[in-house]
>>> print(open('target_30.tsv').read())   # TSV, C-alpha atoms
chain	number	residue	atom	x	y	z
A	1396	MET	CA	-1.44	-128.58	-2.69
A	1397	SER	CA	1.62	-126.50	-1.91
A	1398	GLU	CA	4.35	-128.20	0.07
A	1399	LYS	CA	5.18	-124.90	1.72
A	1400	LYS	CA	4.79	-124.93	5.50
A	1401	TYR	CA	3.53	-121.93	7.41
A	1402	MET	CA	3.94	-120.71	10.98
A	1403	ALA	CA	3.00	-117.54	12.85
A	1404	LEU	CA	5.35	-115.77	15.25
A	1405	THR	CA	3.26	-113.83	17.75
A	1406	PHE	CA	4.45	-111.36	20.35
A	1407	ASP	CA	2.61	-110.38	23.53
A	1408	ASP	CA	2.68	-107.46	25.97
A	1409	GLY	CA	3.80	-104.63	23.69
A	1410	PRO	CA	4.21	-102.08	22.52
A	1411	SER	CA	7.44	-101.53	24.44
A	1412	ASP	CA	9.81	-98.64	23.93
A	1413	THR	CA	12.75	-100.56	22.47
A	1414	THR	CA	12.13	-104.32	22.35
A	1415	SER	CA	9.17	-104.09	19.97
A	1416	LEU	CA	11.32	-102.27	17.43
A	1417	ARG	CA	14.16	-104.76	17.92
A	1418	VAL	CA	11.76	-107.61	17.17
A	1419	LEU	CA	10.52	-105.78	14.09
A	1420	GLU	CA	14.13	-105.35	12.92
A	1421	LYS	CA	14.65	-109.12	13.11
A	1422	LEU	CA	11.47	-109.83	11.18
A	1423	LYS	CA	12.57	-107.44	8.45
A	1424	LYS	CA	16.07	-108.92	8.41
A	1425	TYR	CA	14.69	-112.32	7.44
A	1426	ASN	CA	11.67	-111.19	5.41
A	1427	ALA	CA	9.35	-112.72	7.99
A	1428	LYS	CA	6.01	-111.37	9.16
A	1429	GLY	CA	4.58	-111.54	12.67
A	1430	SER	CA	1.60	-110.57	14.80
A	1431	PHE	CA	1.63	-108.32	17.86
A	1432	PHE	CA	-0.89	-108.80	20.68
A	1433	LEU	CA	-1.03	-105.46	22.47
A	1434	ILE	CA	-1.90	-104.55	26.02
A	1435	GLY	CA	-4.19	-101.56	25.82
A	1436	ASN	CA	-2.53	-99.69	28.67
A	1437	ASN	CA	0.79	-99.93	26.82
A	1438	ILE	CA	-0.62	-98.03	23.86
A	1439	THR	CA	0.52	-94.51	24.65
A	1440	PRO	CA	0.88	-91.50	22.33
A	1441	GLU	CA	4.65	-91.90	22.52
A	1442	ARG	CA	4.45	-95.50	21.26
A	1443	GLU	CA	1.91	-95.08	18.50
A	1444	TYR	CA	4.66	-94.77	15.90
A	1445	ILE	CA	5.88	-98.26	16.84
A	1446	ILE	CA	2.47	-99.74	16.07
A	1447	ARG	CA	2.37	-97.83	12.78
A	1448	GLU	CA	5.77	-99.25	11.82
A	1449	GLU	CA	4.57	-102.77	12.60
A	1450	MET	CA	1.48	-102.21	10.48
A	1451	ALA	CA	3.44	-100.61	7.64
A	1452	TYR	CA	5.63	-103.70	7.40
A	1453	GLY	CA	2.57	-105.93	7.13
A	1454	CYS	CA	2.22	-107.28	10.65
A	1455	ASP	CA	-1.11	-107.87	12.39
A	1456	ILE	CA	-2.12	-105.92	15.49
A	1457	GLU	CA	-4.32	-107.94	17.86
A	1458	ASN	CA	-5.93	-107.65	21.32
A	1459	HIS	CA	-4.31	-108.84	24.57
A	1460	SER	CA	-6.63	-107.00	27.02
A	1461	LEU	CA	-6.32	-103.60	28.66
A	1462	THR	CA	-4.62	-104.42	31.97
A	1463	HIS	CA	-3.37	-108.01	31.54
A	1464	SER	CA	-5.52	-109.18	34.46
A	1465	ASP	CA	-6.72	-112.73	35.07
A	1466	MET	CA	-10.01	-112.22	33.31
A	1467	ARG	CA	-11.61	-115.22	35.02
A	1468	THR	CA	-11.91	-112.96	38.07
A	1469	LEU	CA	-13.79	-110.21	36.21
A	1470	ASP	CA	-17.50	-109.69	35.66
A	1471	ARG	CA	-19.07	-109.38	32.22
A	1472	GLU	CA	-19.07	-105.59	32.20
A	1473	THR	CA	-15.39	-105.38	33.11
A	1474	ILE	CA	-14.37	-107.99	30.55
A	1475	ASP	CA	-16.31	-106.11	27.88
A	1476	SER	CA	-14.70	-102.82	28.93
A	1477	GLU	CA	-11.19	-104.33	28.82
A	1478	ILE	CA	-11.68	-105.58	25.28
A	1479	ARG	CA	-13.55	-102.58	23.91
A	1480	GLU	CA	-11.07	-100.04	25.23
A	1481	THR	CA	-8.07	-101.97	23.90
A	1482	THR	CA	-9.75	-102.29	20.52
A	1483	ARG	CA	-10.61	-98.59	20.54
A	1484	ARG	CA	-6.96	-97.70	21.11
A	1485	ILE	CA	-5.78	-100.10	18.40
A	1486	VAL	CA	-8.31	-98.81	15.86
A	1487	ALA	CA	-7.38	-95.21	16.68
A	1488	VAL	CA	-3.83	-95.95	15.54
A	1489	THR	CA	-4.30	-98.59	12.83
A	1490	GLY	CA	-7.80	-98.03	11.48
A	1491	LYS	CA	-8.35	-101.79	11.72
A	1492	GLU	CA	-10.20	-103.84	14.30
A	1493	PRO	CA	-8.46	-106.89	15.79
A	1494	VAL	CA	-9.57	-110.36	14.73
A	1495	PHE	CA	-7.78	-112.37	17.42
A	1496	PHE	CA	-7.51	-112.22	21.21
A	1497	ARG	CA	-4.93	-113.83	23.45
A	1498	PRO	CA	-6.19	-114.28	27.02
A	1499	PRO	CA	-3.74	-113.08	29.68
A	1500	TYR	CA	-1.96	-116.11	31.17
A	1501	ILE	CA	-4.09	-118.20	28.74
A	1502	ASN	CA	-6.69	-118.25	31.52
A	1503	ILE	CA	-10.21	-118.67	30.17
A	1504	ASN	CA	-13.77	-119.35	31.26
A	1505	ASP	CA	-17.21	-119.52	29.67
A	1506	LEU	CA	-18.02	-115.89	30.44
A	1507	MET	CA	-15.00	-114.74	28.44
A	1508	PHE	CA	-16.11	-116.75	25.41
A	1509	GLU	CA	-19.62	-115.32	25.76
A	1510	THR	CA	-18.37	-111.74	26.04
A	1511	ILE	CA	-15.34	-111.45	23.77
A	1512	PRO	CA	-16.12	-111.46	20.03
A	1513	TYR	CA	-12.64	-112.39	18.79
A	1514	ILE	CA	-10.93	-115.70	18.03
A	1515	PHE	CA	-9.00	-116.96	21.06
A	1516	ILE	CA	-5.32	-117.76	20.48
A	1517	SER	CA	-2.82	-119.56	22.68
A	1518	GLY	CA	0.23	-120.85	20.83
A	1519	TYR	CA	3.12	-122.96	22.03
A	1520	GLY	CA	5.84	-121.12	23.89
A	1521	CYS	CA	9.35	-121.43	25.26
A	1522	GLU	CA	8.99	-119.71	28.65
A	1523	ASP	CA	10.47	-116.59	27.12
A	1524	TRP	CA	9.06	-114.49	29.94
A	1525	VAL	CA	11.53	-116.20	32.29
A	1526	PRO	CA	14.82	-114.25	32.21
A	1527	GLU	CA	16.88	-117.32	33.10
A	1528	VAL	CA	15.86	-119.15	29.92
A	1529	SER	CA	18.67	-118.40	27.47
A	1530	ALA	CA	18.23	-117.30	23.88
A	1531	GLU	CA	19.62	-120.65	22.73
A	1532	GLU	CA	17.18	-122.60	24.89
A	1533	ARG	CA	14.24	-120.52	23.70
A	1534	ALA	CA	15.25	-121.16	20.12
A	1535	ARG	CA	15.68	-124.89	20.71
A	1536	ARG	CA	12.19	-125.22	22.16
A	1537	VAL	CA	10.55	-123.28	19.33
A	1538	ILE	CA	12.41	-125.22	16.66
A	1539	GLU	CA	11.60	-128.59	18.24
A	1540	GLY	CA	7.88	-127.74	18.36
A	1541	ALA	CA	7.65	-126.43	14.82
A	1542	ARG	CA	5.03	-127.81	12.48
A	1543	ASP	CA	2.80	-126.56	9.71
A	1544	GLY	CA	0.01	-124.32	10.98
A	1545	ALA	CA	1.60	-123.65	14.37
A	1546	VAL	CA	1.35	-120.45	16.39
A	1547	VAL	CA	4.44	-119.51	18.42
A	1548	LEU	CA	3.88	-117.56	21.65
A	1549	LEU	CA	6.64	-115.01	22.35
A	1550	HIS	CA	6.89	-111.66	24.14
A	1551	ASP	CA	8.20	-108.25	23.12
A	1552	MET	CA	8.01	-106.78	26.60
A	1553	GLU	CA	10.68	-104.23	27.46
A	1554	GLY	CA	14.12	-105.74	28.00
A	1555	ASN	CA	13.31	-109.20	26.63
A	1556	GLU	CA	16.59	-109.32	24.72
A	1557	ASN	CA	16.92	-113.11	24.84
A	1558	THR	CA	13.89	-113.45	22.59
A	1559	VAL	CA	15.28	-110.86	20.18
A	1560	GLU	CA	18.50	-112.90	20.00
A	1561	ALA	CA	16.58	-116.18	19.70
A	1562	LEU	CA	14.93	-114.93	16.51
A	1563	ASP	CA	18.36	-114.94	14.85
A	1564	ILE	CA	18.40	-118.70	15.40
A	1565	ILE	CA	14.72	-119.58	15.01
A	1566	ILE	CA	13.84	-117.83	11.78
A	1567	PRO	CA	16.73	-118.83	9.50
A	1568	GLU	CA	16.78	-122.41	10.84
A	1569	LEU	CA	13.09	-122.97	10.18
A	1570	GLN	CA	13.15	-121.11	6.87
A	1571	GLY	CA	15.87	-123.57	5.88
A	1572	ARG	CA	13.44	-126.36	6.70
A	1573	GLY	CA	10.81	-124.95	4.36
A	1574	PHE	CA	8.77	-122.79	6.72
A	1575	GLU	CA	7.43	-119.36	5.85
A	1576	PHE	CA	6.54	-116.98	8.67
A	1577	VAL	CA	3.22	-115.23	8.10
A	1578	THR	CA	0.79	-113.24	10.20
A	1579	ILE	CA	-1.80	-115.01	12.33
A	1580	ARG	CA	-4.53	-113.99	9.89
A	1581	GLU	CA	-2.57	-115.30	6.92
A	1582	LEU	CA	-1.83	-118.54	8.77
A	1583	PHE	CA	-5.51	-119.45	8.89
A	1584	GLU	CA	-6.07	-118.28	5.32
A	1585	ARG	CA	-3.16	-120.36	3.98
A	1586	GLY	CA	-4.45	-123.36	5.90
A	1587	GLY	CA	-7.92	-122.95	4.46
A	1588	VAL	CA	-9.35	-122.68	7.97
A	1589	THR	CA	-12.06	-120.28	9.09
A	1590	PRO	CA	-11.72	-120.05	12.88
A	1591	ASP	CA	-15.00	-120.00	14.75
A	1592	ASN	CA	-15.39	-118.43	18.17
A	1593	ALA	CA	-18.60	-120.39	18.72
A	1594	LYS	CA	-16.53	-123.57	18.94
A	1595	ARG	CA	-14.80	-122.13	22.02
A	1596	ILE	CA	-11.40	-123.23	20.82
A	1597	VAL	CA	-8.19	-121.61	22.01
A	1598	TYR	CA	-6.06	-122.14	18.93
A	1599	THR	CA	-2.41	-123.20	18.98
A	1600	TYR	CA	-2.65	-124.90	15.57
A	1601	THR	CA	-4.91	-124.11	12.65
A	1602	ASP	CA	-6.11	-127.71	12.39
A	1603	GLN	CA	-7.71	-127.91	15.84
>>> encode(input="target_30.tsv", output="structure tokens")
Amino acid sequence: MSEKKYMALTFDDGPSDTTSLRVLEKLKKYNAKGSFFLIGNNITPEREYIIREEMAYGCDIENHSLTHSDMRTLDRETIDSEIRETTRRIVAVTGKEPVFFRPPYININDLMFETIPYIFISGYGCEDWVPEVSAEERARRVIEGARDGAVVLLHDMEGNENTVEALDIIIPELQGRGFEFVTIRELFERGGVTPDNAKRIVYTYTDQ
């Protein structure tokens, strides 16, 4: 058994015009991979090249709904439409269907599990959607919560510079502690875990 520890950095709400590329720059700087959970309505012709760059580097592209609505308020047809249209836009750019889905606001209900065919992901976060939380504080929270098989919930929404800066602290510090940053798909593979949507788990760790 390898003593190597693995974590997945995941980024919600992209693609954004500049922040997504800034995040990608940091990943490349430290030879780390990540996964991007895209909002379908943010996938525009002008941003398709960003997604292609993420893919070309080896990152995963996953589904974060079309409109980032509280899906507990939606009927089955609307939920299905949100997921299908986002997947259609992702596949049109990448040629690959998502495997994972992050529910907006991590709000879930039984109808969502019945309707959405992907593995539900949460992750532990650092309130990086709150502008007042500094880069240093974001980094501290991520580092303190680190453990093998963990998913980190971050955001590459436009202007989220504190998270970009936090990566300069998070990645080298945890790499120094023996962690390797892999994609969400690789995280489960390295852990020898086959996630199962039928279990209705919202994964933050591979060993749930």
>>> residues_around(input="target_30.tsv", residues="region 1503-1510 of chain A", least_positions_apart="2", cutoff="10 Å", atoms="all atoms listed in the file", output="PyMOL selection string")
chain A and resi 1465-1475+1478+1497-1501+1512-1515+1592-1597
>>> residues_around(input="target_30.tsv", residues="Asp1602 (chain A)", least_positions_apart="6", cutoff="10 Å", atoms="all atoms listed in the file", output="NGL selection string")
:A and (1543-1545 or 1583 or 1586-1588 or 1590)
>>> atom_distance(input="target_30.tsv", atom1="CA of Glu1584 (chain A)", atom2="CA of Leu1404 (chain A)")
15.3 Å
>>> atom_distance(input="target_30.tsv", atom1="CA of Glu1581 (chain A)", atom2="CA of Val1494 (chain A)")
11.6 Å
>>> closest_residue(input="target_30.tsv", among="A:Val1488, A:Ile1516, A:Val1525, A:Ala1534", to="Ile1566 (chain A)", atoms="all atoms listed in the file")
A:Ala1534
>>> closest_atom_pairs(input="target_30.tsv", of="region 1436-1547 of chain A", to="region 1411-1432 of chain A", cutoff="9 Å", atoms="all atoms listed in the file", output="tab-separated table")
residue	atom	partner	partner_atom	distance
A:Asn1437	CA	A:Ser1411	CA	7.2
A:Ile1438	CA	A:Ser1411	CA	8.8
A:Glu1441	CA	A:Asp1412	CA	8.6
A:Arg1442	CA	A:Asp1412	CA	6.8
A:Ile1445	CA	A:Leu1416	CA	6.8
A:Ile1446	CA	A:Phe1431	CA	8.8
A:Glu1448	CA	A:Leu1419	CA	8.4
A:Glu1449	CA	A:Leu1419	CA	6.8
A:Tyr1452	CA	A:Lys1428	CA	7.9
A:Gly1453	CA	A:Lys1428	CA	6.7
A:Cys1454	CA	A:Gly1429	CA	5.3
A:Asp1455	CA	A:Ser1430	CA	4.5
A:Ile1456	CA	A:Phe1431	CA	5.0
A:Glu1457	CA	A:Phe1432	CA	4.5
A:Asn1458	CA	A:Phe1432	CA	5.2
A:His1459	CA	A:Phe1432	CA	5.2
A:Ser1460	CA	A:Phe1432	CA	8.7
A:Phe1495	CA	A:Phe1432	CA	8.4
A:Phe1496	CA	A:Phe1432	CA	7.5
A:Arg1497	CA	A:Phe1432	CA	7.0
>>> write_last_selection(input="target_30.tsv", atoms="C-alpha atoms", output="mmCIF file, keeping the file's coordinate frame")
data_model
loop_
_atom_site.group_PDB
_atom_site.id
_atom_site.type_symbol
_atom_site.label_atom_id
_atom_site.label_comp_id
_atom_site.auth_asym_id
_atom_site.auth_seq_id
_atom_site.Cartn_x
_atom_site.Cartn_y
_atom_site.Cartn_z
ATOM 1 C CA ASN A 1437 0.790 -99.930 26.820
ATOM 2 C CA ILE A 1438 -0.620 -98.030 23.860
ATOM 3 C CA GLU A 1441 4.650 -91.900 22.520
ATOM 4 C CA ARG A 1442 4.450 -95.500 21.260
ATOM 5 C CA ILE A 1445 5.880 -98.260 16.840
ATOM 6 C CA ILE A 1446 2.470 -99.740 16.070
ATOM 7 C CA GLU A 1448 5.770 -99.250 11.820
ATOM 8 C CA GLU A 1449 4.570 -102.770 12.600
ATOM 9 C CA TYR A 1452 5.630 -103.700 7.400
ATOM 10 C CA GLY A 1453 2.570 -105.930 7.130
ATOM 11 C CA CYS A 1454 2.220 -107.280 10.650
ATOM 12 C CA ASP A 1455 -1.110 -107.870 12.390
ATOM 13 C CA ILE A 1456 -2.120 -105.920 15.490
ATOM 14 C CA GLU A 1457 -4.320 -107.940 17.860
ATOM 15 C CA ASN A 1458 -5.930 -107.650 21.320
ATOM 16 C CA HIS A 1459 -4.310 -108.840 24.570
ATOM 17 C CA SER A 1460 -6.630 -107.000 27.020
ATOM 18 C CA PHE A 1495 -7.780 -112.370 17.420
ATOM 19 C CA PHE A 1496 -7.510 -112.220 21.210
ATOM 20 C CA ARG A 1497 -4.930 -113.830 23.450
#
>>> atom_distance(input="target_30.tsv", atom1="CA of Thr1599 (chain A)", atom2="CA of Leu1548 (chain A)")
8.9 Å
>>> closest_residue(input="target_30.tsv", among="A:Phe1574, A:Tyr1401, A:Trp1524, A:Tyr1519", to="Tyr1598 (chain A)", atoms="all atoms listed in the file")
A:Tyr1519
>>> closest_residue(input="target_30.tsv", among="A:Leu1582, A:Ile1564, A:Leu1569, A:Val1547", to="Asp1523 (chain A)", atoms="only C-alpha atoms")
A:Val1547
>>> closest_residue(input="target_30.tsv", among="A:Glu1480, A:Asn1502, A:Pro1440, A:Ala1561", to="Ser1517 (chain A)", atoms="all atoms listed in the file")
A:Asn1502
>>> axis_aligned_box(input="target_30.tsv", around="region 1442-1445 of chain A", padding_each_side="8 Å", output="AutoDock Vina command-line options")
--center_x 3.9 --center_y -96.5 --center_z 18.6 --size_x 20.0 --size_y 19.5 --size_z 21.4
